[in-house]
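A short worksheet on the structure shown next.
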Amino acid sequence: MRLIIHPGHAKCGSTTIQQFLAKNRRYLYANRVLIADTEFRMPSDNDFEWEAETPRGFFERVVREDKFELLEKRIKAIGSSSDFDIFIISAENLPNHLDGNGRRIYEIFTTHFTDIQIIYYIKPQDTFLMSAWQQWGYKTGISLHNNIIKAIANGLPNYCDIVKKLETIFTKEAIRVIPLSKHVLREGDLLKDFVFACNIDLSNIDYTQNAANKSMSLILCETLGQNPELFKDIHDESIKDMLVKFTNDNDLLYTRFDEMLTLEDREEVLSHFLLDNQYLHENYFSHVKFSNVFSAQKSFDNKISEKEYYQKFILLLIRNIIEKEKEY
């Protein structure tokens, strides 16, 4: 059996891939492809979760509670099964376990599987840092600019560090580092690229997918970030959920204001990671021009001003609140 590990870096398409795998789990199962559920169970187990997206929580407990024997028992059962040709594991926290005790996870993988492939997606650091702030940073009250300074000081995102740690466990030939770029992705599509990278022949698989884990407009994040007391923690999505409800998930909620991160800021971020990016490019995707992946792009100019945006957004909220009141 071939083991495919997708140590999905946060904000690099991981949720999209996991939802795709969960949605197609029965089809994949019929084609001898097993997708790990939240507890690493087999489909023959009564409590197997067909709709589960990721075993992220399971890995967290294995390391925290020293349950490596449980992981090994389940990996051994799956690896010895003749019902499948491919086993896919996707979890965003796998890169977090390349150090210390968590490294035993990978030792267990290599003990029970001889054919292992790593598929690791990344995005340019300037884009990543903006997305990460829209997901978590603004909830702490920190500005986009200061959040970027803080992240860079901490060496984040640490793609190159993660890849070099993977190289101490697996051969470079077993590792695929793929930039989220239209110049690299198969047909410019993440899901088609993932299936291709897995080397799975699935001509009838369903690629239709709604956008996953969309980030709210930078303008909204900036405003909400001035009131961090609204959030319990960085993972609190209650405000976003409420806005989705009262805007009927209108595209206005996600209007891009990427010019908030200037071209100069983008260039500064990418220059900081230049050596890391050169290493990744040279070793993993040298067939693509470096500048097609790691070059600061000027943000498009919005056709709507901040004032016009807020006027439209408030009007949208009022109209939808009135409509929802009529339903009661």
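Residues are named by chain letter and number: chains run A, B, ... in the order of the structure tokens, numbers start at 1 in each chain, and ligands are numbered from 1 in the order shown.
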
Stretch 28-30 of chain A environment, 12 Å, only C-alpha atoms, sequence neighbours closer than 3 positions dropped, as a ChimeraX atom specification: /A:20-25,33-36,42-44,50,83-88,195,200-206

Any chance you can output those residues with N, CA and C atoms as a PDB file, in the first residue's frame?
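Full text of part_3.pdb as output:
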```
ATOM      1  N   PHE A  20     -12.790  18.199   0.011  1.00  0.00           N
ATOM      2  CA  PHE A  20     -12.864  17.440  -1.237  1.00  0.00           C
ATOM      3  C   PHE A  20     -12.732  15.948  -0.961  1.00  0.00           C
ATOM      4  N   LEU A  21     -11.766  15.574  -0.145  1.00  0.00           N
ATOM      5  CA  LEU A  21     -11.567  14.164   0.182  1.00  0.00           C
ATOM      6  C   LEU A  21     -12.756  13.593   0.951  1.00  0.00           C
ATOM      7  N   ALA A  22     -13.283  14.379   1.895  1.00  0.00           N
ATOM      8  CA  ALA A  22     -14.436  13.918   2.677  1.00  0.00           C
ATOM      9  C   ALA A  22     -15.664  13.741   1.778  1.00  0.00           C
ATOM     10  N   LYS A  23     -15.862  14.689   0.888  1.00  0.00           N
ATOM     11  CA  LYS A  23     -17.008  14.644  -0.021  1.00  0.00           C
ATOM     12  C   LYS A  23     -16.952  13.415  -0.926  1.00  0.00           C
ATOM     13  N   ASN A  24     -15.747  13.028  -1.329  1.00  0.00           N
ATOM     14  CA  ASN A  24     -15.574  11.917  -2.276  1.00  0.00           C
ATOM     15  C   ASN A  24     -15.094  10.635  -1.599  1.00  0.00           C
ATOM     16  N   ARG A  25     -15.202  10.572  -0.276  1.00  0.00           N
ATOM     17  CA  ARG A  25     -14.650   9.422   0.444  1.00  0.00           C
ATOM     18  C   ARG A  25     -15.238   8.090  -0.032  1.00  0.00           C
ATOM     19  N   VAL A  33      -9.001   3.552  -2.412  1.00  0.00           N
ATOM     20  CA  VAL A  33      -8.260   4.645  -1.780  1.00  0.00           C
ATOM     21  C   VAL A  33      -8.888   4.924  -0.426  1.00  0.00           C
ATOM     22  N   LEU A  34      -8.117   4.832   0.638  1.00  0.00           N
ATOM     23  CA  LEU A  34      -8.619   5.056   1.996  1.00  0.00           C
ATOM     24  C   LEU A  34      -8.207   6.442   2.478  1.00  0.00           C
ATOM     25  N   ILE A  35      -9.181   7.172   3.022  1.00  0.00           N
ATOM     26  CA  ILE A  35      -8.916   8.488   3.609  1.00  0.00           C
ATOM     27  C   ILE A  35      -9.085   8.369   5.123  1.00  0.00           C
ATOM     28  N   ALA A  36      -8.069   8.774   5.858  1.00  0.00           N
ATOM     29  CA  ALA A  36      -8.133   8.669   7.312  1.00  0.00           C
ATOM     30  C   ALA A  36      -9.289   9.494   7.861  1.00  0.00           C
ATOM     31  N   MET A  42     -10.897   2.235  10.409  1.00  0.00           N
ATOM     32  CA  MET A  42     -11.156   1.582   9.129  1.00  0.00           C
ATOM     33  C   MET A  42     -12.641   1.676   8.805  1.00  0.00           C
ATOM     34  N   PRO A  43     -13.018   1.672   7.527  1.00  0.00           N
ATOM     35  CA  PRO A  43     -14.445   1.680   7.154  1.00  0.00           C
ATOM     36  C   PRO A  43     -15.210   0.488   7.712  1.00  0.00           C
ATOM     37  N   SER A  44     -14.500  -0.585   8.013  1.00  0.00           N
ATOM     38  CA  SER A  44     -15.156  -1.765   8.596  1.00  0.00           C
ATOM     39  C   SER A  44     -15.529  -1.547  10.062  1.00  0.00           C
ATOM     40  N   TRP A  50     -17.666   8.752   7.856  1.00  0.00           N
ATOM     41  CA  TRP A  50     -17.535   8.928   6.416  1.00  0.00           C
ATOM     42  C   TRP A  50     -17.406  10.396   6.017  1.00  0.00           C
ATOM     43  N   ASP A  83      -7.408  -4.399   1.238  1.00  0.00           N
ATOM     44  CA  ASP A  83      -8.584  -3.775   0.637  1.00  0.00           C
ATOM     45  C   ASP A  83      -8.264  -2.470  -0.084  1.00  0.00           C
ATOM     46  N   PHE A  84      -7.048  -1.922   0.153  1.00  0.00           N
ATOM     47  CA  PHE A  84      -6.727  -0.614  -0.404  1.00  0.00           C
ATOM     48  C   PHE A  84      -5.347  -0.607  -1.056  1.00  0.00           C
ATOM     49  N   ASP A  85      -5.199   0.266  -2.033  1.00  0.00           N
ATOM     50  CA  ASP A  85      -3.905   0.461  -2.691  1.00  0.00           C
ATOM     51  C   ASP A  85      -3.223   1.729  -2.201  1.00  0.00           C
ATOM     52  N   ILE A  86      -4.034   2.689  -1.758  1.00  0.00           N
ATOM     53  CA  ILE A  86      -3.508   3.994  -1.351  1.00  0.00           C
ATOM     54  C   ILE A  86      -4.175   4.438  -0.059  1.00  0.00           C
ATOM     55  N   PHE A  87      -3.393   5.001   0.833  1.00  0.00           N
ATOM     56  CA  PHE A  87      -3.896   5.553   2.099  1.00  0.00           C
ATOM     57  C   PHE A  87      -3.473   7.016   2.158  1.00  0.00           C
ATOM     58  N   ILE A  88      -4.459   7.936   2.280  1.00  0.00           N
ATOM     59  CA  ILE A  88      -4.157   9.372   2.295  1.00  0.00           C
ATOM     60  C   ILE A  88      -4.426   9.952   3.678  1.00  0.00           C
ATOM     61  N   VAL A 195      -4.964  15.545  -6.990  1.00  0.00           N
ATOM     62  CA  VAL A 195      -5.243  14.196  -7.501  1.00  0.00           C
ATOM     63  C   VAL A 195      -4.116  13.746  -8.427  1.00  0.00           C
ATOM     64  N   ILE A 200      -3.395   9.290  -8.890  1.00  0.00           N
ATOM     65  CA  ILE A 200      -4.599   8.464  -8.816  1.00  0.00           C
ATOM     66  C   ILE A 200      -5.402   8.653 -10.105  1.00  0.00           C
ATOM     67  N   ASP A 201      -5.818   7.567 -10.699  1.00  0.00           N
ATOM     68  CA  ASP A 201      -6.609   7.630 -11.924  1.00  0.00           C
ATOM     69  C   ASP A 201      -8.087   7.642 -11.545  1.00  0.00           C
ATOM     70  N   LEU A 202      -8.659   8.823 -11.431  1.00  0.00           N
ATOM     71  CA  LEU A 202     -10.044   8.972 -11.005  1.00  0.00           C
ATOM     72  C   LEU A 202     -10.775   9.887 -11.998  1.00  0.00           C
ATOM     73  N   SER A 203     -11.113   9.359 -13.127  1.00  0.00           N
ATOM     74  CA  SER A 203     -11.690  10.173 -14.202  1.00  0.00           C
ATOM     75  C   SER A 203     -13.078  10.700 -13.862  1.00  0.00           C
ATOM     76  N   ASN A 204     -13.794  10.031 -12.970  1.00  0.00           N
ATOM     77  CA  ASN A 204     -15.178  10.429 -12.682  1.00  0.00           C
ATOM     78  C   ASN A 204     -15.352  11.116 -11.332  1.00  0.00           C
ATOM     79  N   ILE A 205     -14.267  11.520 -10.721  1.00  0.00           N
ATOM     80  CA  ILE A 205     -14.387  12.152  -9.403  1.00  0.00           C
ATOM     81  C   ILE A 205     -15.016  13.543  -9.534  1.00  0.00           C
ATOM     82  N   ASP A 206     -15.718  13.949  -8.506  1.00  0.00           N
ATOM     83  CA  ASP A 206     -16.438  15.223  -8.516  1.00  0.00           C
ATOM     84  C   ASP A 206     -15.532  16.340  -7.991  1.00  0.00           C
TER      85      ASP A 206
END
```

Residue list (strand (DSSP E or B), DSSP) for stretch 14-116 of chain A, as a list in words: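 Going through stretch 14-116 of chain A, the strand (DSSP E or B) residues come out as Val33, Leu34, Ile35, Ile86, Phe87, Ile88, Ile89, Ser90, Asp115 and Ile116 of chain A.
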
Go ahead and write the selection's residues with C-alpha atoms as a PDB file, in the first residue's frame.
```pdb
ATOM      1  CA  VAL A  33      -8.260   4.645  -1.780  1.00  0.00           C
ATOM      2  CA  LEU A  34      -8.619   5.056   1.996  1.00  0.00           C
ATOM      3  CA  ILE A  35      -8.916   8.488   3.609  1.00  0.00           C
ATOM      4  CA  ILE A  86      -3.508   3.994  -1.351  1.00  0.00           C
ATOM      5  CA  PHE A  87      -3.896   5.553   2.099  1.00  0.00           C
ATOM      6  CA  ILE A  88      -4.157   9.372   2.295  1.00  0.00           C
ATOM      7  CA  ILE A  89      -3.570  11.360   5.470  1.00  0.00           C
ATOM      8  CA  SER A  90      -4.239  15.122   5.479  1.00  0.00           C
ATOM      9  CA  ASP A 115       6.217   3.605  -0.332  1.00  0.00           C
ATOM     10  CA  ILE A 116       5.554   7.072   1.103  1.00  0.00           C
TER      11      ILE A 116
END
```

Residue list (helix (DSSP H, G or I), DSSP) for stretch 102-148 of chain A, as a PDB file with N, CA and C atoms, in the first residue's frame:
```pdb
ATOM      1  N   GLY A 102       6.837  14.391  18.921  1.00  0.00           N
ATOM      2  CA  GLY A 102       5.943  14.213  17.787  1.00  0.00           C
ATOM      3  C   GLY A 102       6.602  13.548  16.598  1.00  0.00           C
ATOM      4  N   ARG A 103       7.918  13.569  16.564  1.00  0.00           N
ATOM      5  CA  ARG A 103       8.645  12.937  15.454  1.00  0.00           C
ATOM      6  C   ARG A 103       8.370  11.429  15.389  1.00  0.00           C
ATOM      7  N   ARG A 104       7.936  10.879  16.501  1.00  0.00           N
ATOM      8  CA  ARG A 104       7.630   9.442  16.519  1.00  0.00           C
ATOM      9  C   ARG A 104       6.487   9.095  15.574  1.00  0.00           C
ATOM     10  N   ILE A 105       5.620  10.065  15.298  1.00  0.00           N
ATOM     11  CA  ILE A 105       4.545   9.838  14.327  1.00  0.00           C
ATOM     12  C   ILE A 105       5.137   9.407  12.991  1.00  0.00           C
ATOM     13  N   TYR A 106       6.161  10.133  12.547  1.00  0.00           N
ATOM     14  CA  TYR A 106       6.788   9.837  11.261  1.00  0.00           C
ATOM     15  C   TYR A 106       7.569   8.528  11.317  1.00  0.00           C
ATOM     16  N   GLU A 107       8.165   8.216  12.459  1.00  0.00           N
ATOM     17  CA  GLU A 107       8.880   6.951  12.612  1.00  0.00           C
ATOM     18  C   GLU A 107       7.926   5.773  12.474  1.00  0.00           C
ATOM     19  N   ILE A 108       6.713   5.952  12.997  1.00  0.00           N
ATOM     20  CA  ILE A 108       5.701   4.895  12.873  1.00  0.00           C
ATOM     21  C   ILE A 108       5.285   4.749  11.410  1.00  0.00           C
ATOM     22  N   PHE A 109       5.114   5.877  10.722  1.00  0.00           N
ATOM     23  CA  PHE A 109       4.772   5.827   9.296  1.00  0.00           C
ATOM     24  C   PHE A 109       5.824   5.033   8.521  1.00  0.00           C
ATOM     25  N   THR A 110       7.102   5.385   8.734  1.00  0.00           N
ATOM     26  CA  THR A 110       8.163   4.752   7.953  1.00  0.00           C
ATOM     27  C   THR A 110       8.390   3.289   8.343  1.00  0.00           C
ATOM     28  N   THR A 111       7.968   2.911   9.533  1.00  0.00           N
ATOM     29  CA  THR A 111       8.097   1.518   9.966  1.00  0.00           C
ATOM     30  C   THR A 111       7.122   0.614   9.216  1.00  0.00           C
ATOM     31  N   HIS A 112       5.933   1.118   8.961  1.00  0.00           N
ATOM     32  CA  HIS A 112       4.880   0.271   8.396  1.00  0.00           C
ATOM     33  C   HIS A 112       4.596   0.515   6.914  1.00  0.00           C
ATOM     34  N   GLN A 125       5.012  34.166   0.653  1.00  0.00           N
ATOM     35  CA  GLN A 125       4.907  34.596   2.048  1.00  0.00           C
ATOM     36  C   GLN A 125       4.102  35.879   2.222  1.00  0.00           C
ATOM     37  N   ASP A 126       4.168  36.787   1.258  1.00  0.00           N
ATOM     38  CA  ASP A 126       3.397  38.023   1.397  1.00  0.00           C
ATOM     39  C   ASP A 126       1.900  37.726   1.399  1.00  0.00           C
ATOM     40  N   THR A 127       1.486  36.830   0.514  1.00  0.00           N
ATOM     41  CA  THR A 127       0.077  36.437   0.444  1.00  0.00           C
ATOM     42  C   THR A 127      -0.331  35.650   1.678  1.00  0.00           C
ATOM     43  N   PHE A 128       0.556  34.763   2.122  1.00  0.00           N
ATOM     44  CA  PHE A 128       0.268  33.970   3.318  1.00  0.00           C
ATOM     45  C   PHE A 128       0.040  34.857   4.530  1.00  0.00           C
ATOM     46  N   LEU A 129       0.938  35.816   4.747  1.00  0.00           N
ATOM     47  CA  LEU A 129       0.854  36.648   5.948  1.00  0.00           C
ATOM     48  C   LEU A 129      -0.410  37.502   5.959  1.00  0.00           C
ATOM     49  N   MET A 130      -0.837  37.947   4.787  1.00  0.00           N
ATOM     50  CA  MET A 130      -2.078  38.695   4.709  1.00  0.00           C
ATOM     51  C   MET A 130      -3.265  37.785   5.047  1.00  0.00           C
ATOM     52  N   SER A 131      -3.278  36.578   4.479  1.00  0.00           N
ATOM     53  CA  SER A 131      -4.356  35.619   4.746  1.00  0.00           C
ATOM     54  C   SER A 131      -4.397  35.198   6.206  1.00  0.00           C
ATOM     55  N   ALA A 132      -3.209  34.999   6.787  1.00  0.00           N
ATOM     56  CA  ALA A 132      -3.141  34.576   8.186  1.00  0.00           C
ATOM     57  C   ALA A 132      -3.694  35.658   9.108  1.00  0.00           C
ATOM     58  N   TRP A 133      -3.389  36.912   8.797  1.00  0.00           N
ATOM     59  CA  TRP A 133      -3.930  38.013   9.610  1.00  0.00           C
ATOM     60  C   TRP A 133      -5.444  38.067   9.489  1.00  0.00           C
ATOM     61  N   GLN A 134      -5.964  37.854   8.274  1.00  0.00           N
ATOM     62  CA  GLN A 134      -7.418  37.859   8.070  1.00  0.00           C
ATOM     63  C   GLN A 134      -8.089  36.702   8.806  1.00  0.00           C
ATOM     64  N   GLN A 135      -7.368  35.613   9.022  1.00  0.00           N
ATOM     65  CA  GLN A 135      -7.934  34.461   9.706  1.00  0.00           C
ATOM     66  C   GLN A 135      -7.818  34.582  11.226  1.00  0.00           C
ATOM     67  N   GLY A 137      -4.982  36.952  13.062  1.00  0.00           N
ATOM     68  CA  GLY A 137      -4.270  38.080  13.656  1.00  0.00           C
ATOM     69  C   GLY A 137      -5.127  39.242  14.103  1.00  0.00           C
ATOM     70  N   TYR A 138      -6.080  39.652  13.258  1.00  0.00           N
ATOM     71  CA  TYR A 138      -6.877  40.841  13.588  1.00  0.00           C
ATOM     72  C   TYR A 138      -7.657  40.675  14.879  1.00  0.00           C
ATOM     73  N   LYS A 139      -7.961  39.433  15.253  1.00  0.00           N
ATOM     74  CA  LYS A 139      -8.759  39.177  16.457  1.00  0.00           C
ATOM     75  C   LYS A 139      -7.988  39.504  17.734  1.00  0.00           C
ATOM     76  N   THR A 140      -6.685  39.669  17.616  1.00  0.00           N
ATOM     77  CA  THR A 140      -5.870  40.011  18.788  1.00  0.00           C
ATOM     78  C   THR A 140      -5.695  41.515  18.927  1.00  0.00           C
ATOM     79  N   LEU A 144      -2.327  44.790  10.573  1.00  0.00           N
ATOM     80  CA  LEU A 144      -1.735  43.947   9.533  1.00  0.00           C
ATOM     81  C   LEU A 144      -0.233  44.180   9.456  1.00  0.00           C
ATOM     82  N   HIS A 145       0.167  45.436   9.428  1.00  0.00           N
ATOM     83  CA  HIS A 145       1.590  45.759   9.302  1.00  0.00           C
ATOM     84  C   HIS A 145       2.399  45.206  10.473  1.00  0.00           C
ATOM     85  N   ASN A 146       1.926  45.427  11.697  1.00  0.00           N
ATOM     86  CA  ASN A 146       2.659  44.950  12.873  1.00  0.00           C
ATOM     87  C   ASN A 146       2.648  43.429  12.970  1.00  0.00           C
ATOM     88  N   ASN A 147       1.579  42.830  12.488  1.00  0.00           N
ATOM     89  CA  ASN A 147       1.496  41.370  12.494  1.00  0.00           C
ATOM     90  C   ASN A 147       2.545  40.769  11.564  1.00  0.00           C
ATOM     91  N   ILE A 148       2.755  41.418  10.428  1.00  0.00           N
ATOM     92  CA  ILE A 148       3.759  40.952   9.478  1.00  0.00           C
ATOM     93  C   ILE A 148       5.157  41.083  10.073  1.00  0.00           C
TER      94      ILE A 148
END
```

Polymer residues at most 10 Å from stretch 248-259 of chain A, only C-alpha atoms, same-chain spacing of 5 or more positions, as a ChimeraX atom specification: /A:127,130,214-220,240-243,298-302,304-306,309-310,312-313,316-317,320

Selection near A:Leu190, 10 Å with only C-alpha atoms, sequence-local residues under 2 positions removed, as a ChimeraX atom specification: /A:12-14,16-17,121,178-182,184-188,192-196,207

Residues just named, written with N, CA and C atoms as a PDB file, in the first residue's frame:
```
ATOM      1  N   CYS A  12      -3.005  27.286   3.129  1.00  0.00           N
ATOM      2  CA  CYS A  12      -2.442  26.870   1.839  1.00  0.00           C
ATOM      3  C   CYS A  12      -3.320  25.811   1.174  1.00  0.00           C
ATOM      4  N   GLY A  13      -4.624  26.006   1.253  1.00  0.00           N
ATOM      5  CA  GLY A  13      -5.556  25.126   0.563  1.00  0.00           C
ATOM      6  C   GLY A  13      -5.911  23.849   1.294  1.00  0.00           C
ATOM      7  N   SER A  14      -5.482  23.706   2.549  1.00  0.00           N
ATOM      8  CA  SER A  14      -5.694  22.451   3.274  1.00  0.00           C
ATOM      9  C   SER A  14      -7.171  22.137   3.475  1.00  0.00           C
ATOM     10  N   THR A  16      -9.718  23.125   1.731  1.00  0.00           N
ATOM     11  CA  THR A  16     -10.306  22.775   0.434  1.00  0.00           C
ATOM     12  C   THR A  16     -10.021  21.323   0.089  1.00  0.00           C
ATOM     13  N   ILE A  17      -8.779  20.890   0.284  1.00  0.00           N
ATOM     14  CA  ILE A  17      -8.408  19.501  -0.013  1.00  0.00           C
ATOM     15  C   ILE A  17      -9.141  18.534   0.908  1.00  0.00           C
ATOM     16  N   TYR A 121       1.919  21.869  -0.053  1.00  0.00           N
ATOM     17  CA  TYR A 121       1.611  23.091  -0.793  1.00  0.00           C
ATOM     18  C   TYR A 121       2.041  24.318   0.004  1.00  0.00           C
ATOM     19  N   ILE A 178       4.823  22.134  -3.701  1.00  0.00           N
ATOM     20  CA  ILE A 178       4.077  22.691  -4.835  1.00  0.00           C
ATOM     21  C   ILE A 178       3.543  24.075  -4.473  1.00  0.00           C
ATOM     22  N   PRO A 179       3.976  25.107  -5.187  1.00  0.00           N
ATOM     23  CA  PRO A 179       3.450  26.453  -4.930  1.00  0.00           C
ATOM     24  C   PRO A 179       2.025  26.588  -5.444  1.00  0.00           C
ATOM     25  N   LEU A 180       1.229  27.329  -4.704  1.00  0.00           N
ATOM     26  CA  LEU A 180      -0.137  27.611  -5.145  1.00  0.00           C
ATOM     27  C   LEU A 180      -0.078  28.741  -6.175  1.00  0.00           C
ATOM     28  N   SER A 181       0.258  28.365  -7.385  1.00  0.00           N
ATOM     29  CA  SER A 181       0.419  29.324  -8.472  1.00  0.00           C
ATOM     30  C   SER A 181      -0.199  28.749  -9.735  1.00  0.00           C
ATOM     31  N   LYS A 182      -0.853  29.585 -10.514  1.00  0.00           N
ATOM     32  CA  LYS A 182      -1.455  29.131 -11.769  1.00  0.00           C
ATOM     33  C   LYS A 182      -0.396  28.619 -12.736  1.00  0.00           C
ATOM     34  N   VAL A 184       1.957  26.674 -11.876  1.00  0.00           N
ATOM     35  CA  VAL A 184       2.414  25.382 -11.380  1.00  0.00           C
ATOM     36  C   VAL A 184       1.277  24.370 -11.285  1.00  0.00           C
ATOM     37  N   LEU A 185       0.144  24.773 -10.738  1.00  0.00           N
ATOM     38  CA  LEU A 185      -0.970  23.856 -10.515  1.00  0.00           C
ATOM     39  C   LEU A 185      -1.499  23.301 -11.835  1.00  0.00           C
ATOM     40  N   ARG A 186      -1.839  22.042 -11.828  1.00  0.00           N
ATOM     41  CA  ARG A 186      -2.388  21.405 -13.032  1.00  0.00           C
ATOM     42  C   ARG A 186      -3.712  22.068 -13.409  1.00  0.00           C
ATOM     43  N   GLU A 187      -3.779  22.578 -14.627  1.00  0.00           N
ATOM     44  CA  GLU A 187      -4.940  23.308 -15.131  1.00  0.00           C
ATOM     45  C   GLU A 187      -5.289  24.487 -14.220  1.00  0.00           C
ATOM     46  N   GLY A 188      -4.307  24.944 -13.440  1.00  0.00           N
ATOM     47  CA  GLY A 188      -4.537  26.064 -12.538  1.00  0.00           C
ATOM     48  C   GLY A 188      -5.486  25.761 -11.409  1.00  0.00           C
ATOM     49  N   LYS A 192      -7.439  19.366  -8.826  1.00  0.00           N
ATOM     50  CA  LYS A 192      -6.942  18.544  -9.931  1.00  0.00           C
ATOM     51  C   LYS A 192      -5.447  18.294  -9.775  1.00  0.00           C
ATOM     52  N   ASP A 193      -4.754  19.307  -9.265  1.00  0.00           N
ATOM     53  CA  ASP A 193      -3.325  19.146  -9.039  1.00  0.00           C
ATOM     54  C   ASP A 193      -3.065  18.121  -7.943  1.00  0.00           C
ATOM     55  N   PHE A 194      -3.864  18.158  -6.885  1.00  0.00           N
ATOM     56  CA  PHE A 194      -3.674  17.214  -5.787  1.00  0.00           C
ATOM     57  C   PHE A 194      -3.900  15.781  -6.256  1.00  0.00           C
ATOM     58  N   VAL A 195      -4.964  15.545  -6.990  1.00  0.00           N
ATOM     59  CA  VAL A 195      -5.243  14.196  -7.501  1.00  0.00           C
ATOM     60  C   VAL A 195      -4.116  13.746  -8.427  1.00  0.00           C
ATOM     61  N   PHE A 196      -3.622  14.665  -9.261  1.00  0.00           N
ATOM     62  CA  PHE A 196      -2.515  14.339 -10.162  1.00  0.00           C
ATOM     63  C   PHE A 196      -1.253  14.022  -9.370  1.00  0.00           C
ATOM     64  N   TYR A 207     -15.158  17.271  -8.888  1.00  0.00           N
ATOM     65  CA  TYR A 207     -14.287  18.371  -8.495  1.00  0.00           C
ATOM     66  C   TYR A 207     -15.063  19.620  -8.081  1.00  0.00           C
TER      67      TYR A 207
END
```

Closest of A:Thr15, A:Thr38, A:Gln311, A:Gln278 to A:Cys160 - atom-to-atom distances counting only C-alpha atoms: A:Gln278

Minimum-distance residue to A:Cys221, chosen among A:Ala91, A:Met260, A:Ile152, A:Val62 (using only C-alpha atoms): A:Met260

Pick from A:Phe113, A:Trp136, A:Tyr279, A:Tyr284, whichever lies nearest to A:Asp233 using only C-alpha atoms: A:Trp136

Selected residue of minimal separation from A:Ala151 among A:Arg176, A:His272, A:Lys76, A:Lys67, counting only C-alpha atoms: A:His272

Using only C-alpha atoms, which protein or nucleic acid residues come within 8 Å of A:Leu94? Drop anything in the same chain fewer than 3 positions from it, and give the result as a compact mmCIF listing (two decimals) with N, CA and C atoms, in the first residue's frame.
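Okay, this is what ended up in selection-v4.txt:
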```
# COMPACT_ATOMS: atom_id res chain seq x y z
N PRO A 7 0.88 17.08 4.71
CA PRO A 7 1.04 17.90 5.91
C PRO A 7 0.64 19.34 5.58
N GLY A 8 -0.64 19.56 5.50
CA GLY A 8 -1.16 20.81 4.95
C GLY A 8 -0.80 22.02 5.77
N ARG A 56 -6.63 15.67 12.53
CA ARG A 56 -5.80 16.66 13.22
C ARG A 56 -5.87 16.49 14.74
N PHE A 59 -3.97 13.34 16.07
CA PHE A 59 -2.52 13.52 16.19
C PHE A 59 -2.17 14.36 17.42
N ALA A 91 -3.54 16.53 7.32
CA ALA A 91 -3.71 17.22 8.61
C ALA A 91 -2.75 18.40 8.68
N HIS A 97 4.71 18.53 14.25
CA HIS A 97 5.21 17.37 14.98
C HIS A 97 6.51 16.81 14.39
N LEU A 98 7.28 17.68 13.74
CA LEU A 98 8.56 17.24 13.17
C LEU A 98 9.69 17.35 14.18
```

Residue nearest A:Ile149 among A:Arg266, A:His183, A:Lys303, A:Lys73 (counting only C-alpha atoms): A:Arg266

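Atom CA of A:Arg32 to atom CA of A:Thr114 spans 18.1 Å [interatomic distance, one decimal].
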